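Text of structure02.csv (CSV, C-alpha atoms) as supplied:
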```csv
chain,number,residue,atom,x,y,z
A,1,MET,CA,-18.2,16.6,-20.3
A,2,THR,CA,-18.0,14.5,-17.2
A,3,VAL,CA,-14.8,12.6,-16.7
A,4,ARG,CA,-15.0,8.9,-16.0
A,5,ILE,CA,-12.9,7.6,-13.2
A,6,GLY,CA,-12.5,3.9,-12.3
A,7,VAL,CA,-12.8,2.6,-8.8
A,8,VAL,CA,-11.2,-0.8,-8.4
A,9,VAL,CA,-13.1,-3.3,-6.2
A,10,PHE,CA,-11.2,-6.2,-4.8
A,11,PRO,CA,-12.8,-8.9,-2.6
A,12,GLY,CA,-12.4,-7.1,0.8
A,13,SER,CA,-12.5,-3.5,-0.5
A,14,ASN,CA,-14.7,-1.5,1.8
A,15,ARG,CA,-14.2,2.1,1.0
A,16,ASP,CA,-15.1,1.7,-2.6
A,17,ILE,CA,-18.5,3.3,-2.0
A,18,ASP,CA,-16.9,6.3,-0.2
A,19,ALA,CA,-14.6,6.7,-3.3
A,20,VAL,CA,-17.6,6.6,-5.6
A,21,ASN,CA,-19.4,9.2,-3.4
A,22,ALA,CA,-16.3,11.5,-3.3
A,23,LEU,CA,-16.0,11.3,-7.1
A,24,GLN,CA,-19.6,12.3,-7.5
A,25,VAL,CA,-19.2,15.2,-5.1
A,26,ALA,CA,-16.2,16.3,-7.2
A,27,GLY,CA,-18.3,16.1,-10.4
A,28,ALA,CA,-16.8,12.9,-11.9
A,29,GLU,CA,-18.6,9.8,-13.2
A,30,PRO,CA,-17.4,6.8,-11.2
A,31,VAL,CA,-17.1,3.4,-12.8
A,32,ILE,CA,-16.7,0.3,-10.8
A,33,LEU,CA,-13.8,-2.0,-12.0
A,34,TRP,CA,-14.1,-5.5,-10.6
A,35,HIS,CA,-10.8,-7.2,-9.7
A,36,GLU,CA,-11.3,-10.0,-12.2
A,37,GLN,CA,-11.7,-7.8,-15.2
A,38,ALA,CA,-8.8,-6.6,-17.3
A,39,SER,CA,-10.7,-3.7,-19.0
A,40,LEU,CA,-10.5,-0.3,-17.3
A,41,GLU,CA,-13.6,0.6,-19.3
A,42,GLY,CA,-12.1,3.8,-20.8
A,43,ALA,CA,-11.5,5.4,-17.4
A,44,ALA,CA,-9.4,8.5,-17.5
A,45,ALA,CA,-7.9,7.7,-14.1
A,46,VAL,CA,-8.2,5.0,-11.5
A,47,ILE,CA,-8.6,5.0,-7.7
A,48,LEU,CA,-7.6,2.0,-5.6
A,49,PRO,CA,-9.8,2.3,-2.5
A,50,GLY,CA,-9.4,1.3,1.1
A,51,GLY,CA,-10.3,-1.9,2.7
A,52,PHE,CA,-8.6,-5.3,3.1
A,53,ALA,CA,-8.1,-6.7,-0.4
A,54,TYR,CA,-8.1,-10.4,-0.4
A,55,GLY,CA,-8.3,-10.3,3.4
A,56,ASP,CA,-4.8,-8.7,3.6
A,57,TYR,CA,-3.6,-12.3,3.8
A,58,LEU,CA,0.2,-12.7,3.7
A,59,ARG,CA,0.9,-9.0,3.6
A,60,ALA,CA,-1.5,-6.1,3.1
A,61,GLY,CA,-2.0,-5.5,-0.7
A,62,VAL,CA,0.3,-8.3,-2.0
A,63,ILE,CA,-2.3,-10.7,-3.4
A,64,ALA,CA,-4.2,-7.9,-5.1
A,65,ARG,CA,-1.1,-7.2,-7.1
A,66,PHE,CA,-1.5,-10.3,-9.1
A,67,SER,CA,-5.2,-9.7,-10.1
A,68,PRO,CA,-6.1,-9.1,-13.7
A,69,VAL,CA,-7.3,-5.6,-13.0
A,70,MET,CA,-3.9,-4.7,-11.4
A,71,ARG,CA,-2.0,-5.9,-14.5
A,72,SER,CA,-4.1,-3.4,-16.5
A,73,VAL,CA,-3.6,-0.7,-13.9
A,74,ALA,CA,0.2,-1.2,-14.0
A,75,ALA,CA,0.1,-0.9,-17.8
A,76,PHE,CA,-2.1,2.2,-17.6
A,77,ALA,CA,0.3,3.7,-15.0
A,78,ALA,CA,3.3,2.9,-17.3
A,79,ASP,CA,1.6,4.8,-20.0
A,80,GLY,CA,1.3,7.9,-17.7
A,81,GLY,CA,-2.3,7.3,-16.5
A,82,LEU,CA,-3.3,8.8,-13.2
A,83,VAL,CA,-3.6,6.4,-10.3
A,84,LEU,CA,-4.5,7.2,-6.7
A,85,GLY,CA,-4.2,4.6,-4.0
A,86,ILE,CA,-5.9,5.3,-0.7
A,87,CYS,CA,-5.0,3.3,2.5
A,88,ASN,CA,-5.2,-0.3,1.3
A,89,GLY,CA,-4.9,1.0,-2.2
A,90,PHE,CA,-1.6,2.6,-1.2
A,91,GLN,CA,-0.4,-0.7,0.2
A,92,VAL,CA,-1.4,-2.4,-3.1
A,93,LEU,CA,0.6,0.2,-5.1
A,94,THR,CA,3.8,-0.3,-3.0
A,95,GLU,CA,3.5,-4.1,-3.2
A,96,ALA,CA,3.0,-3.8,-7.0
A,97,HIS,CA,6.2,-1.6,-7.1
A,98,LEU,CA,4.3,1.2,-8.6
A,99,LEU,CA,5.2,3.3,-5.5
A,100,PRO,CA,8.4,3.3,-3.4
A,101,GLY,CA,8.6,2.1,0.2
A,102,ALA,CA,6.5,-0.3,2.2
A,103,LEU,CA,3.8,0.0,4.8
A,104,LEU,CA,4.7,-1.8,8.0
A,105,ARG,CA,2.6,-2.6,11.0
A,106,ASN,CA,1.9,0.5,13.1
A,107,ARG,CA,4.7,1.3,15.4
A,108,GLY,CA,2.2,1.2,18.4
A,109,LEU,CA,0.8,-2.1,17.2
A,110,ARG,CA,-2.7,-0.8,17.5
A,111,PHE,CA,-5.2,-0.4,14.7
A,112,VAL,CA,-5.7,3.4,14.6
A,113,SER,CA,-9.0,4.9,13.6
A,114,ARG,CA,-9.3,8.6,14.2
A,115,GLN,CA,-9.0,12.0,12.7
A,116,VAL,CA,-5.5,13.2,11.9
A,117,ALA,CA,-4.0,16.4,10.4
A,118,LEU,CA,-1.7,16.4,7.4
A,119,VAL,CA,0.1,19.0,5.3
A,120,ALA,CA,0.7,18.9,1.6
A,121,GLU,CA,4.4,19.3,0.6
A,122,ARG,CA,3.5,20.0,-3.0
A,123,HIS,CA,0.7,22.1,-4.5
A,124,ASP,CA,1.6,21.6,-8.1
A,125,THR,CA,0.9,17.9,-8.7
A,126,PRO,CA,-2.2,16.2,-10.2
A,127,PHE,CA,-3.1,15.1,-6.7
A,128,THR,CA,-2.7,18.3,-4.8
A,129,ARG,CA,-3.1,21.3,-7.1
A,130,ALA,CA,-6.5,22.3,-5.9
A,131,ILE,CA,-5.5,22.4,-2.2
A,132,GLY,CA,-4.6,26.1,-2.4
A,133,ASP,CA,-3.2,27.2,0.9
A,134,SER,CA,-1.0,25.1,3.2
A,135,ARG,CA,-3.1,24.8,6.3
A,136,PRO,CA,-3.3,21.4,7.9
A,137,LEU,CA,-6.0,19.2,6.3
A,138,ARG,CA,-8.2,17.1,8.7
A,139,MET,CA,-9.3,13.7,7.7
A,140,PRO,CA,-9.5,10.2,9.2
A,141,VAL,CA,-7.1,7.3,9.2
A,142,ALA,CA,-8.2,3.7,9.7
A,143,HIS,CA,-5.4,1.2,9.4
A,144,GLY,CA,-3.2,-1.3,11.2
A,145,GLU,CA,-0.4,-1.3,8.8
A,146,GLY,CA,0.4,2.3,7.8
A,147,CYS,CA,3.9,2.9,9.0
A,148,PHE,CA,5.7,4.2,5.9
A,149,TYR,CA,9.1,2.7,5.6
A,150,ALA,CA,12.0,3.0,3.2
A,151,ASP,CA,15.7,3.0,3.8
A,152,ALA,CA,17.5,6.3,4.5
A,153,ALA,CA,18.9,6.7,1.0
A,154,THR,CA,15.5,6.1,-0.5
A,155,LEU,CA,13.9,8.6,1.9
A,156,ASP,CA,16.6,11.2,1.0
A,157,ASP,CA,15.9,10.6,-2.7
A,158,LEU,CA,12.1,11.0,-2.2
A,159,GLU,CA,12.6,14.2,-0.4
A,160,ARG,CA,15.1,15.6,-2.9
A,161,ASP,CA,12.9,14.7,-5.9
A,162,GLY,CA,9.8,16.1,-4.4
A,163,GLN,CA,8.0,12.8,-4.2
A,164,VAL,CA,6.8,13.3,-0.7
A,165,LEU,CA,3.2,14.6,-1.1
A,166,PHE,CA,1.8,14.6,2.5
A,167,ARG,CA,3.2,14.4,6.0
A,168,TYR,CA,1.4,14.0,9.3
A,169,ALA,CA,1.2,17.3,11.2
A,170,ARG,CA,0.2,18.7,14.5
A,171,ALA,CA,-2.8,21.1,14.8
A,172,ASP,CA,-0.5,24.1,14.3
A,173,GLY,CA,0.8,22.7,11.0
A,174,SER,CA,4.2,21.7,12.2
A,175,ILE,CA,5.4,18.3,11.0
A,176,ALA,CA,4.9,15.4,13.4
A,177,GLY,CA,7.8,13.6,14.9
A,178,GLU,CA,8.6,9.9,14.0
A,179,THR,CA,8.1,8.4,17.5
A,180,ASP,CA,6.1,9.3,20.6
A,181,ASP,CA,4.2,11.9,18.8
A,182,PRO,CA,0.4,11.4,18.7
A,183,ALA,CA,0.2,13.5,15.6
A,184,ASN,CA,2.0,10.7,13.7
A,185,PRO,CA,-0.6,7.9,14.1
A,186,ASN,CA,1.5,5.0,12.9
A,187,GLY,CA,5.2,6.0,13.4
A,188,SER,CA,5.8,6.6,9.7
A,189,MET,CA,9.4,7.5,8.9
A,190,ARG,CA,9.8,11.2,8.6
A,191,ALA,CA,6.1,11.5,9.2
A,192,ILE,CA,5.4,10.6,5.6
A,193,ALA,CA,1.6,10.1,4.9
A,194,GLY,CA,1.7,10.0,1.1
A,195,VAL,CA,4.1,9.7,-1.8
A,196,MET,CA,4.1,9.7,-5.5
A,197,ASN,CA,6.2,8.0,-8.1
A,198,ALA,CA,9.1,9.7,-9.9
A,199,ALA,CA,7.0,10.3,-13.1
A,200,GLY,CA,4.3,12.1,-11.0
A,201,ASN,CA,1.3,10.1,-12.2
A,202,VAL,CA,0.9,7.5,-9.4
A,203,ALA,CA,0.3,8.5,-5.8
A,204,GLY,CA,-0.8,6.9,-2.5
A,205,LEU,CA,-1.7,8.0,1.0
A,206,MET,CA,-2.8,6.3,4.2
A,207,PRO,CA,-5.4,8.9,5.3
A,208,HIS,CA,-8.8,8.9,3.8
A,209,PRO,CA,-9.6,12.1,1.7
A,210,GLU,CA,-12.6,10.3,0.2
A,211,THR,CA,-14.4,10.1,3.5
A,212,ALA,CA,-13.8,13.8,4.2
A,213,VAL,CA,-15.6,15.4,1.3
A,214,GLU,CA,-18.6,17.0,3.0
A,215,ALA,CA,-19.1,18.9,6.2
A,216,VAL,CA,-21.7,16.3,7.3
A,217,LEU,CA,-18.9,13.7,7.3
A,218,GLY,CA,-16.9,15.7,9.9
A,219,SER,CA,-14.5,17.4,7.4
A,220,ALA,CA,-14.5,18.5,3.8
A,221,ASP,CA,-10.7,18.8,3.8
A,222,GLY,CA,-10.2,15.8,1.6
A,223,LEU,CA,-12.3,17.2,-1.2
A,224,PRO,CA,-9.5,19.4,-2.7
A,225,ILE,CA,-7.4,16.2,-3.1
A,226,ILE,CA,-10.2,14.4,-4.9
A,227,ARG,CA,-10.9,17.5,-6.9
A,228,SER,CA,-7.2,17.9,-7.9
A,229,PHE,CA,-7.4,14.3,-9.2
A,230,VAL,CA,-10.7,14.7,-11.1
A,231,GLU,CA,-9.6,18.0,-12.7
A,232,SER,CA,-6.2,16.5,-13.7
A,233,ALA,CA,-8.0,13.5,-15.2
A,234,ALA,CA,-10.5,15.7,-17.0
A,235,GLN,CA,-7.7,17.7,-18.5
A,236,ARG,CA,-5.8,14.7,-19.7
A,237,ALA,CA,-9.0,13.2,-21.2
A,238,ALA,CA,-9.6,16.4,-23.0
A,239,GLY,CA,-6.4,16.0,-25.0
A,240,PRO,CA,-2.7,16.4,-24.9
A,241,ALA,CA,-2.7,20.2,-24.9
A,242,PRO,CA,-2.8,21.4,-21.2
A,243,VAL,CA,-5.5,23.8,-20.4
A,244,ALA,CA,-5.9,26.1,-17.4
A,245,VAL,CA,-7.0,24.7,-14.1
A,246,GLY,CA,-10.7,24.9,-13.6
A,247,ALA,CA,-12.3,27.6,-11.4
A,248,ARG,CA,-12.2,26.8,-7.8
B,1,MET,CA,7.6,-38.7,-13.8
B,2,SER,CA,7.4,-36.1,-11.2
B,3,VAL,CA,8.1,-36.2,-7.5
B,4,GLU,CA,6.6,-34.2,-4.7
B,5,PHE,CA,9.0,-32.1,-2.7
B,6,ARG,CA,8.1,-30.5,0.6
B,7,PHE,CA,9.7,-27.1,1.5
B,8,ALA,CA,9.4,-24.5,4.1
B,9,VAL,CA,10.0,-20.8,3.5
B,10,ASN,CA,11.0,-18.9,6.6
B,11,VAL,CA,10.3,-15.1,6.2
B,12,THR,CA,11.7,-12.8,8.9
B,13,PRO,CA,12.0,-9.0,9.1
B,14,LYS,CA,15.4,-7.9,7.8
B,15,PRO,CA,17.9,-6.8,10.5
B,16,GLY,CA,17.3,-3.2,11.4
B,17,ILE,CA,13.6,-3.2,10.2
B,18,LEU,CA,11.3,-2.2,13.0
B,19,ASP,CA,9.4,-5.2,14.3
B,20,PRO,CA,6.6,-4.0,16.6
B,21,GLN,CA,5.4,-7.6,17.0
B,22,GLY,CA,8.7,-8.8,18.2
B,23,ARG,CA,8.9,-5.9,20.6
B,24,ALA,CA,5.4,-6.7,21.9
B,25,VAL,CA,6.4,-10.3,22.5
B,26,GLU,CA,9.5,-9.1,24.3
B,27,GLY,CA,7.4,-6.7,26.4
B,28,SER,CA,5.2,-9.5,27.6
B,29,LEU,CA,8.0,-11.7,28.9
B,30,GLY,CA,8.2,-9.9,32.2
B,31,HIS,CA,4.6,-10.9,32.9
B,32,LEU,CA,5.7,-14.5,32.5
B,33,GLY,CA,8.5,-14.1,34.9
B,34,ILE,CA,11.0,-14.8,32.1
B,35,GLU,CA,14.3,-13.1,32.1
B,36,GLY,CA,17.3,-13.0,29.8
B,37,VAL,CA,15.4,-13.1,26.5
B,38,SER,CA,16.1,-10.3,24.0
B,39,ALA,CA,16.1,-9.5,20.2
B,40,VAL,CA,12.8,-11.2,19.5
B,41,ARG,CA,11.8,-11.1,15.8
B,42,VAL,CA,8.5,-12.4,14.6
B,43,GLY,CA,8.4,-13.8,11.1
B,44,ARG,CA,6.3,-16.2,9.1
B,45,ARG,CA,6.8,-19.8,8.0
B,46,VAL,CA,5.1,-21.1,4.9
B,47,GLU,CA,5.2,-24.8,4.1
B,48,LEU,CA,4.4,-26.1,0.7
B,49,THR,CA,4.6,-29.0,-1.7
B,50,VAL,CA,6.0,-28.7,-5.1
B,51,THR,CA,5.6,-31.3,-7.8
B,52,ALA,CA,8.6,-31.2,-10.2
B,53,PRO,CA,11.0,-33.5,-12.1
B,54,ASP,CA,13.8,-33.1,-9.6
B,55,GLU,CA,14.8,-31.2,-6.5
B,56,ASP,CA,16.6,-28.4,-8.3
B,57,ALA,CA,13.6,-27.6,-10.4
B,58,ALA,CA,11.4,-27.7,-7.3
B,59,ARG,CA,13.7,-25.4,-5.4
B,60,GLU,CA,13.8,-22.9,-8.3
B,61,THR,CA,10.0,-22.6,-8.2
B,62,VAL,CA,10.1,-22.1,-4.4
B,63,GLU,CA,12.8,-19.4,-4.7
B,64,ARG,CA,10.7,-17.5,-7.2
B,65,LEU,CA,7.6,-17.8,-5.1
B,66,ALA,CA,9.6,-16.7,-2.0
B,67,SER,CA,11.1,-13.6,-3.6
B,68,ASP,CA,8.0,-12.5,-5.6
B,69,LEU,CA,5.2,-13.3,-3.3
B,70,LEU,CA,6.0,-14.7,0.2
B,71,SER,CA,8.5,-11.9,1.1
B,72,ASN,CA,8.8,-8.2,0.3
B,73,PRO,CA,12.5,-7.8,-0.6
B,74,LEU,CA,12.4,-4.3,0.9
B,75,ILE,CA,11.7,-5.4,4.4
B,76,ASP,CA,11.9,-9.2,4.6
B,77,ALA,CA,14.7,-11.8,4.4
B,78,TYR,CA,13.8,-15.4,3.6
B,79,GLU,CA,15.4,-18.8,3.8
B,80,VAL,CA,14.2,-21.9,1.8
B,81,GLU,CA,14.4,-25.1,3.7
B,82,ALA,CA,13.9,-28.6,2.2
B,83,ILE,CA,11.8,-30.7,4.6
B,84,GLY,CA,11.9,-33.9,2.6
B,85,ALA,CA,10.8,-35.4,-0.6
B,86,THR,CA,7.8,-37.7,-0.4
B,87,SER,CA,8.0,-41.1,-2.0
B,88,SER,CA,4.8,-40.7,-4.0
B,89,THR,CA,5.1,-40.0,-7.7
B,90,VAL,CA,2.7,-38.0,-9.7
B,91,GLY,CA,2.8,-39.1,-13.3
B,92,ALA,CA,0.5,-39.4,-16.2
B,93,ARG,CA,-1.6,-42.4,-15.8
B,94,GLY,CA,-2.3,-44.3,-19.0
```

Could you rewrite the structure in this file as structure tokens?
Amino acid sequence: MTVRIGVVVFPGSNRDIDAVNALQVAGAEPVILWHEQASLEGAAAVILPGGFAYGDYLRAGVIARFSPVMRSVAAFAADGGLVLGICNGFQVLTEAHLLPGALLRNRGLRFVSRQVALVAERHDTPFTRAIGDSRPLRMPVAHGEGCFYADAATLDDLERDGQVLFRYARADGSIAGETDDPANPNGSMRAIAGVMNAAGNVAGLMPHPETAVEAVLGSADGLPIIRSFVESAAQRAAGPAPVAVGAR
Amino acid sequence: MSVEFRFAVNVTPKPGILDPQGRAVEGSLGHLGIEGVSAVRVGRRVELTVTAPDEDAARETVERLASDLLSNPLIDAYEVEAIGATSSTVGARG
């Protein structure tokens, strides 16, 4: 059975279609969730896509937090539902306090739109389990406010508790520096590109795996992330008893 | 009877938080031939009118708005400033 996955659309979302495409490539059935609706329409998991929700006015992601659909997403997440925020979706999740930290204006001030490399720190989460080996994954970033920030104590906690999912990396797979390293596109602290919550069911990242799911798009390295998410959602939808990870 | 109160909320990056905008402004000062300016921090000022029975109630609303929406407590500090009550009253008209 095909698993249904919700893609939230805010006014100003612009990567929703890419998320829909990625879900289809990964074998899921996408369902669009408009920001004014409270129903998640039985979705087994939810993606918050990239874009500029509500024009990014005030702070990126903050207005979206108060929309009817986000109240439902927060309740869904509190119940253990799987939620993935990509780029602007990541910003929305931090503003909604569903993920730790904040995304500040890029250290270099410029909007950065280019391919980057990242490495997964974990290969055993609902968001990364299909990644397999640990070679750097190539996918684009496109954001002006993607500098991951948290205070030092929070960063230590995130690292200790295994909540750091992705870091920006150089081509050889070594972790990027914080400043003056082109491999870190926005100056994120400790080169953090993606994190998850303590419960392990909500994750966000600035790079765009959903626009890197087919060779024709320049890279298919994002597909294992989308597939991890789809497989995990399918497993949860099938019932509480965990089953083996699908063939890859 | 309710009165309208005018407030400003000044939101600034907390001390120690990276402020690339402030740095960019600082970087441009040389082009203007200005010297001796440092520690530039760029924030945001939001002005608003609150209709409430009294100033305390109005301020309470602004505080809530400031901490829940206008600032992100993780990265921003804010300050609420009363910029005067207007004389107009907003009450139920017969």

Chain B contacts on chain A, all atoms listed in the file, 10 Å, as a PyMOL selection string: chain A and resi 58-59+62-63+65-66+94-95+100-110+147+149-151

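Between CA of Asn186 (chain A) and CA of Val112 (chain A) there is a distance of 7.6 Å.
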
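Going from CA of Ala120 (chain A) over to CA of Pro207 (chain A), you cover 12.3 Å.
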
Might you pull out every residue within 8 Å of region 8-19 of chain A, with all atoms listed in the file counted and same-chain residues fewer than 6 positions away left off, and present them as a PyMOL selection string? chain A and resi 32-35+46-55+64+69+210-211

If we draw a sphere of 7 Å around (-1.6, 3.8, -3.8), which residues have at least one atom in it when counting only C-alpha atoms? Please report them as a PDB file with C-alpha atoms, in the coordinates of the input.
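File written: point-v5.pdb
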```
ATOM      1  CA  LEU A  48      -7.600   2.000  -5.600  1.00  0.00           C
ATOM      2  CA  LEU A  84      -4.500   7.200  -6.700  1.00  0.00           C
ATOM      3  CA  GLY A  85      -4.200   4.600  -4.000  1.00  0.00           C
ATOM      4  CA  ILE A  86      -5.900   5.300  -0.700  1.00  0.00           C
ATOM      5  CA  GLY A  89      -4.900   1.000  -2.200  1.00  0.00           C
ATOM      6  CA  PHE A  90      -1.600   2.600  -1.200  1.00  0.00           C
ATOM      7  CA  GLN A  91      -0.400  -0.700   0.200  1.00  0.00           C
ATOM      8  CA  VAL A  92      -1.400  -2.400  -3.100  1.00  0.00           C
ATOM      9  CA  LEU A  93       0.600   0.200  -5.100  1.00  0.00           C
ATOM     10  CA  THR A  94       3.800  -0.300  -3.000  1.00  0.00           C
ATOM     11  CA  ALA A 203       0.300   8.500  -5.800  1.00  0.00           C
ATOM     12  CA  GLY A 204      -0.800   6.900  -2.500  1.00  0.00           C
ATOM     13  CA  LEU A 205      -1.700   8.000   1.000  1.00  0.00           C
TER      14      LEU A 205
END
```

Two-atom distance - CA of Glu121 (chain A), CA of Val164 (chain A) (Å):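 So the answer is 6.6 Å.
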
Please write as a PyMOL selection string the list of polymer residues whose atoms come within 12 Å of (14.3, -15.8, 4.4), counting only C-alpha atoms and keeping to the coordinates of the file. chain B and resi 8-15+43-46+62-63+65-67+70-73+75-81

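Residues within 8 Å of Ile192 (chain A), counting only C-alpha atoms and excluding same-chain residues fewer than 2 positions away, are Phe148, Val164, Phe166, Arg167, Tyr168, Ser188, Met189, Arg190, Gly194 and Val195 of chain A.
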